[in-house]
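Structure below is final.pdb: PDB, C-alpha atoms, pLDDT in the B column.
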MODEL        1
ATOM      1  CA  MET P   1      26.195 -13.346 -11.162  1.00 93.00           C
ATOM      2  CA  THR P   2      23.451 -15.943 -10.793  1.00 96.00           C
ATOM      3  CA  LEU P   3      20.002 -16.426 -12.223  1.00 95.00           C
ATOM      4  CA  THR P   4      18.574 -16.136  -8.706  1.00 95.00           C
ATOM      5  CA  GLN P   5      20.202 -12.722  -8.293  1.00 97.00           C
ATOM      6  CA  LEU P   6      18.887 -11.557 -11.649  1.00 97.00           C
ATOM      7  CA  GLU P   7      15.350 -12.782 -10.903  1.00 95.00           C
ATOM      8  CA  ALA P   8      15.386 -10.994  -7.560  1.00 96.00           C
ATOM      9  CA  PHE P   9      16.646  -7.757  -9.105  1.00 97.00           C
ATOM     10  CA  VAL P  10      14.148  -7.793 -11.967  1.00 95.00           C
ATOM     11  CA  LEU P  11      11.222  -8.410  -9.630  1.00 94.00           C
ATOM     12  CA  VAL P  12      12.339  -5.713  -7.180  1.00 94.00           C
ATOM     13  CA  ALA P  13      12.589  -3.346 -10.148  1.00 94.00           C
ATOM     14  CA  ARG P  14       9.196  -4.344 -11.584  1.00 91.00           C
ATOM     15  CA  LEU P  15       7.280  -4.590  -8.298  1.00 91.00           C
ATOM     16  CA  GLY P  16       8.959  -1.732  -6.450  1.00 91.00           C
ATOM     17  CA  SER P  17       9.835  -3.520  -3.208  1.00 91.00           C
ATOM     18  CA  VAL P  18      11.883  -6.331  -1.729  1.00 93.00           C
ATOM     19  CA  LYS P  19       8.799  -7.594   0.117  1.00 92.00           C
ATOM     20  CA  ALA P  20       6.750  -7.912  -3.083  1.00 90.00           C
ATOM     21  CA  ALA P  21       9.628  -9.605  -4.903  1.00 92.00           C
ATOM     22  CA  ALA P  22      10.097 -12.066  -2.021  1.00 93.00           C
ATOM     23  CA  ASN P  23       6.386 -12.869  -2.020  1.00 89.00           C
ATOM     24  CA  ALA P  24       6.378 -13.381  -5.800  1.00 88.00           C
ATOM     25  CA  LEU P  25       9.389 -15.690  -5.620  1.00 90.00           C
ATOM     26  CA  GLY P  26       8.105 -17.543  -2.561  1.00 88.00           C
ATOM     27  CA  VAL P  27      11.234 -16.777  -0.528  1.00 94.00           C
ATOM     28  CA  SER P  28      12.092 -14.606   2.472  1.00 96.00           C
ATOM     29  CA  GLU P  29      12.867 -10.899   2.263  1.00 96.00           C
ATOM     30  CA  PRO P  30      16.429 -11.521   3.539  1.00 97.00           C
ATOM     31  CA  ALA P  31      16.937 -13.982   0.654  1.00 97.00           C
ATOM     32  CA  VAL P  32      15.972 -11.316  -1.877  1.00 97.00           C
ATOM     33  CA  SER P  33      18.032  -8.660  -0.084  1.00 96.00           C
ATOM     34  CA  GLY P  34      21.035 -10.986  -0.056  1.00 97.00           C
ATOM     35  CA  ALA P  35      20.714 -11.799  -3.752  1.00 98.00           C
ATOM     36  CA  LEU P  36      20.359  -8.113  -4.551  1.00 97.00           C
ATOM     37  CA  ALA P  37      23.384  -7.240  -2.383  1.00 97.00           C
ATOM     38  CA  ALA P  38      25.539  -9.836  -4.142  1.00 97.00           C
ATOM     39  CA  LEU P  39      24.482  -8.520  -7.573  1.00 97.00           C
ATOM     40  CA  ARG P  40      25.161  -4.942  -6.482  1.00 97.00           C
ATOM     41  CA  GLN P  41      28.643  -5.943  -5.378  1.00 97.00           C
ATOM     42  CA  GLN P  42      29.302  -7.867  -8.593  1.00 97.00           C
ATOM     43  CA  LEU P  43      28.230  -4.941 -10.791  1.00 97.00           C
ATOM     44  CA  GLY P  44      29.554  -2.144  -8.585  1.00 97.00           C
ATOM     45  CA  ASP P  45      26.273  -0.223  -8.608  1.00 97.00           C
ATOM     46  CA  PRO P  46      23.392   0.057  -6.102  1.00 96.00           C
ATOM     47  CA  LEU P  47      20.950  -0.728  -8.975  1.00 97.00           C
ATOM     48  CA  VAL P  48      17.904   0.299  -6.898  1.00 96.00           C
ATOM     49  CA  VAL P  49      17.474   2.867  -4.136  1.00 94.00           C
ATOM     50  CA  ARG P  50      14.676   3.572  -1.674  1.00 90.00           C
ATOM     51  CA  ARG P  51      12.441   6.484  -2.608  1.00 88.00           C
ATOM     52  CA  GLY P  52       9.448   7.313  -0.443  1.00 83.00           C
ATOM     53  CA  ASN P  53       7.387   4.158  -0.131  1.00 81.00           C
ATOM     54  CA  GLY P  54       9.129   2.151  -2.853  1.00 82.00           C
ATOM     55  CA  MET P  55      12.276   1.544  -4.811  1.00 89.00           C
ATOM     56  CA  SER P  56      13.529   3.208  -7.971  1.00 92.00           C
ATOM     57  CA  LEU P  57      16.259   2.267 -10.379  1.00 96.00           C
ATOM     58  CA  THR P  58      19.602   4.033 -10.472  1.00 96.00           C
ATOM     59  CA  PRO P  59      20.893   4.990 -13.947  1.00 97.00           C
ATOM     60  CA  GLY P  60      22.940   1.771 -13.893  1.00 97.00           C
ATOM     61  CA  GLY P  61      19.878  -0.210 -12.807  1.00 97.00           C
ATOM     62  CA  GLN P  62      17.858   1.282 -15.662  1.00 96.00           C
ATOM     63  CA  ARG P  63      20.432   0.024 -18.140  1.00 96.00           C
ATOM     64  CA  VAL P  64      20.740  -3.418 -16.561  1.00 97.00           C
ATOM     65  CA  VAL P  65      17.071  -4.277 -15.933  1.00 96.00           C
ATOM     66  CA  GLY P  66      16.295  -4.957 -19.603  1.00 94.00           C
ATOM     67  CA  ILE P  67      19.356  -7.156 -20.001  1.00 96.00           C
ATOM     68  CA  ALA P  68      18.593  -8.998 -16.752  1.00 96.00           C
ATOM     69  CA  SER P  69      15.013  -9.530 -17.895  1.00 94.00           C
ATOM     70  CA  GLN P  70      16.224 -11.040 -21.169  1.00 95.00           C
ATOM     71  CA  MET P  71      18.547 -13.359 -19.258  1.00 95.00           C
ATOM     72  CA  VAL P  72      15.701 -14.536 -17.007  1.00 93.00           C
ATOM     73  CA  ASN P  73      13.542 -15.152 -20.082  1.00 91.00           C
ATOM     74  CA  LEU P  74      16.331 -17.052 -21.846  1.00 94.00           C
ATOM     75  CA  ALA P  75      16.774 -19.234 -18.768  1.00 93.00           C
ATOM     76  CA  ALA P  76      13.065 -20.119 -18.907  1.00 88.00           C
ATOM     77  CA  GLU P  77      13.452 -21.030 -22.591  1.00 90.00           C
ATOM     78  CA  ALA P  78      16.525 -23.145 -21.816  1.00 94.00           C
ATOM     79  CA  GLU P  79      14.658 -25.015 -19.079  1.00 91.00           C
ATOM     80  CA  SER P  80      11.770 -25.687 -21.446  1.00 89.00           C
ATOM     81  CA  ALA P  81      14.124 -26.883 -24.201  1.00 92.00           C
ATOM     82  CA  VAL P  82      15.858 -29.339 -21.860  1.00 95.00           C
ATOM     83  CA  ARG P  83      12.531 -30.663 -20.591  1.00 90.00           C
ATOM     84  CA  GLN P  84      11.394 -31.196 -24.174  1.00 89.00           C
ATOM     85  CA  ALA P  85      14.697 -32.843 -25.190  1.00 94.00           C
ATOM     86  CA  ASN P  86      14.436 -35.260 -22.267  1.00 95.00           C
ATOM     87  CA  GLY P  87      10.860 -36.201 -23.142  1.00 92.00           C
ATOM     88  CA  ALA P  88       9.434 -34.624 -19.996  1.00 92.00           C
ATOM     89  CA  PRO P  89       5.897 -33.291 -20.178  1.00 90.00           C
ATOM     90  CA  ALA P  90       5.462 -29.607 -20.878  1.00 88.00           C
ATOM     91  CA  LEU P  91       5.287 -27.553 -17.701  1.00 90.00           C
ATOM     92  CA  VAL P  92       2.563 -24.975 -17.127  1.00 92.00           C
ATOM     93  CA  ARG P  93       3.264 -22.723 -14.130  1.00 92.00           C
ATOM     94  CA  VAL P  94       0.020 -21.341 -12.714  1.00 93.00           C
ATOM     95  CA  VAL P  95      -0.048 -18.474 -10.238  1.00 92.00           C
ATOM     96  CA  ALA P  96      -3.255 -17.406  -8.564  1.00 91.00           C
ATOM     97  CA  THR P  97      -4.459 -15.222  -5.751  1.00 90.00           C
ATOM     98  CA  ALA P  98      -5.009 -17.138  -2.501  1.00 90.00           C
ATOM     99  CA  THR P  99      -8.790 -17.519  -2.767  1.00 91.00           C
ATOM    100  CA  VAL P 100      -8.670 -18.521  -6.429  1.00 92.00           C
ATOM    101  CA  ALA P 101      -5.825 -20.982  -5.733  1.00 91.00           C
ATOM    102  CA  GLU P 102      -7.846 -22.603  -2.973  1.00 92.00           C
ATOM    103  CA  PHE P 103     -11.288 -22.819  -4.570  1.00 93.00           C
ATOM    104  CA  VAL P 104     -10.992 -22.437  -8.355  1.00 92.00           C
ATOM    105  CA  VAL P 105      -7.621 -23.840  -9.397  1.00 93.00           C
ATOM    106  CA  PRO P 106      -7.963 -27.466  -8.156  1.00 94.00           C
ATOM    107  CA  PRO P 107     -11.076 -28.339 -10.202  1.00 94.00           C
ATOM    108  CA  LEU P 108      -9.797 -26.289 -13.139  1.00 93.00           C
ATOM    109  CA  LEU P 109      -6.468 -28.152 -13.210  1.00 92.00           C
ATOM    110  CA  ALA P 110      -8.242 -31.490 -12.733  1.00 91.00           C
ATOM    111  CA  ALA P 111     -10.324 -30.799 -15.838  1.00 92.00           C
ATOM    112  CA  PHE P 112      -7.256 -29.541 -17.712  1.00 91.00           C
ATOM    113  CA  GLY P 113      -5.220 -32.607 -16.688  1.00 87.00           C
ATOM    114  CA  ALA P 114      -7.946 -34.928 -17.924  1.00 89.00           C
ATOM    115  CA  ARG P 115      -7.649 -33.393 -21.402  1.00 90.00           C
ATOM    116  CA  ALA P 116      -3.935 -32.608 -21.576  1.00 85.00           C
ATOM    117  CA  THR P 117      -2.162 -35.715 -20.332  1.00 80.00           C
ATOM    118  CA  ALA P 118       1.341 -34.716 -21.506  1.00 84.00           C
ATOM    119  CA  VAL P 119       1.351 -31.570 -19.393  1.00 88.00           C
ATOM    120  CA  SER P 120       2.594 -31.069 -15.858  1.00 89.00           C
ATOM    121  CA  THR P 121       1.404 -28.142 -13.756  1.00 90.00           C
ATOM    122  CA  THR P 122       2.626 -26.255 -10.721  1.00 91.00           C
ATOM    123  CA  VAL P 123       0.589 -23.787  -8.683  1.00 91.00           C
ATOM    124  CA  GLY P 124       1.849 -20.809  -6.729  1.00 89.00           C
ATOM    125  CA  VAL P 125       0.091 -18.094  -4.775  1.00 88.00           C
ATOM    126  CA  SER P 126       0.748 -14.391  -5.307  1.00 86.00           C
ATOM    127  CA  GLU P 127      -0.889 -11.029  -4.886  1.00 85.00           C
ATOM    128  CA  ALA P 128      -2.898  -9.774  -7.847  1.00 81.00           C
ATOM    129  CA  GLY P 129      -0.507  -6.845  -8.304  1.00 82.00           C
ATOM    130  CA  GLU P 130       2.423  -9.215  -8.870  1.00 86.00           C
ATOM    131  CA  ALA P 131       0.818 -11.166 -11.708  1.00 84.00           C
ATOM    132  CA  ALA P 132       1.918  -8.949 -14.584  1.00 84.00           C
ATOM    133  CA  ALA P 133       5.559  -9.023 -13.475  1.00 87.00           C
ATOM    134  CA  LEU P 134       5.511 -12.802 -13.066  1.00 88.00           C
ATOM    135  CA  LEU P 135       4.091 -13.233 -16.558  1.00 88.00           C
ATOM    136  CA  HIS P 136       6.410 -10.651 -18.087  1.00 86.00           C
ATOM    137  CA  GLU P 137       9.488 -12.298 -16.602  1.00 87.00           C
ATOM    138  CA  ARG P 138       8.244 -15.772 -17.583  1.00 86.00           C
ATOM    139  CA  LEU P 139       8.217 -16.918 -13.986  1.00 88.00           C
ATOM    140  CA  ALA P 140       4.593 -17.937 -14.546  1.00 91.00           C
ATOM    141  CA  ASP P 141       2.693 -19.060 -17.635  1.00 92.00           C
ATOM    142  CA  VAL P 142      -0.845 -18.392 -16.409  1.00 92.00           C
ATOM    143  CA  CYS P 143      -2.116 -16.054 -13.698  1.00 91.00           C
ATOM    144  CA  LEU P 144      -5.629 -16.351 -12.289  1.00 91.00           C
ATOM    145  CA  GLY P 145      -7.402 -13.984  -9.982  1.00 86.00           C
ATOM    146  CA  PRO P 146      -9.934 -11.235  -9.687  1.00 76.00           C
ATOM    147  CA  ARG P 147      -8.989  -8.345 -11.920  1.00 70.00           C
ATOM    148  CA  LEU P 148      -5.270  -8.950 -12.183  1.00 61.00           C
ATOM    149  CA  SER P 149      -3.511  -5.612 -12.596  1.00 57.00           C
ATOM    150  CA  GLY P 150      -0.748  -4.594 -14.973  1.00 55.00           C
TER
ENDMDL
END
Final structure tokens representation of the file:
Amino acid sequence: MTLTQLEAFVLVARLGSVKAAANALGVSEPAVSGALAALRQQLGDPLVVRRGNGMSLTPGGQRVVGIASQMVNLAAEAESAVRQANGAPALVRVVATATVAEFVVPPLLAAFGARATAVSTTVGVSEAGEAAALLHERLADVCLGPRLSG
């Protein structure tokens, strides 16, 4: 069981589709499907099943999603602790919708960087509907966009 598999599963569960999870993670749909398949095999449960136009959790998936989410969050804390112990600047992971990432984020981060010199930033692009899941799972620290849902 890997962190990548757990991240993929949690995002499929939260976002309701492999496509949305792949977009949120910035990987291909086959990568998410493969990670999910390996986790299913490891745990001996389908975890999620197709229902209508989305995915829903099996009873096993319902029990595992909270635990998997905690593990993903703990991994983010561990990464932050190691960065801090090694004297690396704090990392702020920004996710924004495409238009905001193109036109708003660059000057915003330039102004932020001028004031907060011991901070490193990364920027990713996602759909507005994915923002809440990315924040909840600590895969992003800040989400910017028009009327982010969730």
So which one's closest to Ala90 of chain P, P:Ala24, P:Ala37, P:Val142, P:Ala118? Using all atoms listed in the file, please. P:Ala118
Proximity to Ala88 of chain P - best of P:Val119, P:Ala140, P:Val10, P:Leu134, only C-alpha atoms: P:Val119
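Of the listed residues (P:Val104, P:Ala21, P:Ala68, P:Ala76), P:Ala76 comes nearest to Asp141 of chain P; the distances count all atoms listed in the file.
The residue that comes closest to Val105 of chain P, out of P:Cys143, P:Met71, P:Leu39, P:Met1 and on the basis of only C-alpha atoms, is P:Cys143.
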Output check: residues returned by the PyMOL selection byres ((chain P and resi 57) around 12), as a list in words: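 Output of the PyMOL selection byres ((chain P and resi 57) around 12): Phe9, Val10, Leu11, Val12, Ala13, Arg14, Leu15, Gly16, Ser17, Asp45, Pro46, Leu47, Val48, Val49, Arg50, Arg51, Gly54, Met55, Ser56, Thr58, Pro59, Gly60, Gly61, Gln62, Arg63, Val64, Val65 and Gly66 of chain P.
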Could you tell me which residues the PyMOL selection byres ((chain P and resi 138) around 10) returns for this structure, as a VMD selection string? chain P and resid 69 to 70 72 to 77 93 132 to 137 139 to 142
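From atom CA of Gly124 of chain P back to atom CA of Ala96 of chain P, the distance works out to 6.4 Å.
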Give the centre and edge lengths of an axis-aligned box, in Å to one decimal, that holds all listed atoms of segment 20-26 of chain P with 4 Å on each side, as AutoDock Vina command-line options.
--center_x 8.2 --center_y -12.7 --center_z -3.9 --size_x 11.7 --size_y 17.6 --size_z 11.8
For a test of reading the model, state the distance in Å between atom CA of Gln42 of chain P and atom CA of Ala20 of chain P, rounded to one decimal.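 About the pair atom CA of Gln42 of chain P and atom CA of Ala20 of chain P: they are 23.2 Å apart.
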What's the separation between atom CA of Val123 of chain P and atom CA of Pro107 of chain P, in Å to one decimal place? 12.6 Å
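With all atoms listed in the file taken into account, the protein and nucleic acid residues at most 12 Å from Phe103 of chain P (excluding it and anything under 6 positions from it in its own chain) are Ala96, Thr97, Leu109, Leu144 and Gly145 of chain P.
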Between P:Thr2, P:Pro106, P:Glu130, P:Thr117, which residue has the minimum interatomic distance to Ala35 of chain P, considering only C-alpha atoms?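 For Ala35 of chain P, the nearest of the given residues is P:Thr2.
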Neighbours of Pro89 of chain P within 12 Å (all atoms listed in the file; same-chain residues fewer than 3 positions away dropped), as an mmCIF file with C-alpha atoms, keeping the file's coordinate frame?
data_model
loop_
_atom_site.group_PDB
_atom_site.id
_atom_site.type_symbol
_atom_site.label_atom_id
_atom_site.label_comp_id
_atom_site.auth_asym_id
_atom_site.auth_seq_id
_atom_site.Cartn_x
_atom_site.Cartn_y
_atom_site.Cartn_z
ATOM 1 C CA SER P 80 11.770 -25.687 -21.446
ATOM 2 C CA ALA P 81 14.124 -26.883 -24.201
ATOM 3 C CA VAL P 82 15.858 -29.339 -21.860
ATOM 4 C CA ARG P 83 12.531 -30.663 -20.591
ATOM 5 C CA GLN P 84 11.394 -31.196 -24.174
ATOM 6 C CA ALA P 85 14.697 -32.843 -25.190
ATOM 7 C CA ASN P 86 14.436 -35.260 -22.267
ATOM 8 C CA VAL P 92 2.563 -24.975 -17.127
ATOM 9 C CA GLY P 113 -5.220 -32.607 -16.688
ATOM 10 C CA ALA P 116 -3.935 -32.608 -21.576
ATOM 11 C CA THR P 117 -2.162 -35.715 -20.332
ATOM 12 C CA ALA P 118 1.341 -34.716 -21.506
ATOM 13 C CA VAL P 119 1.351 -31.570 -19.393
ATOM 14 C CA SER P 120 2.594 -31.069 -15.858
ATOM 15 C CA THR P 121 1.404 -28.142 -13.756
#
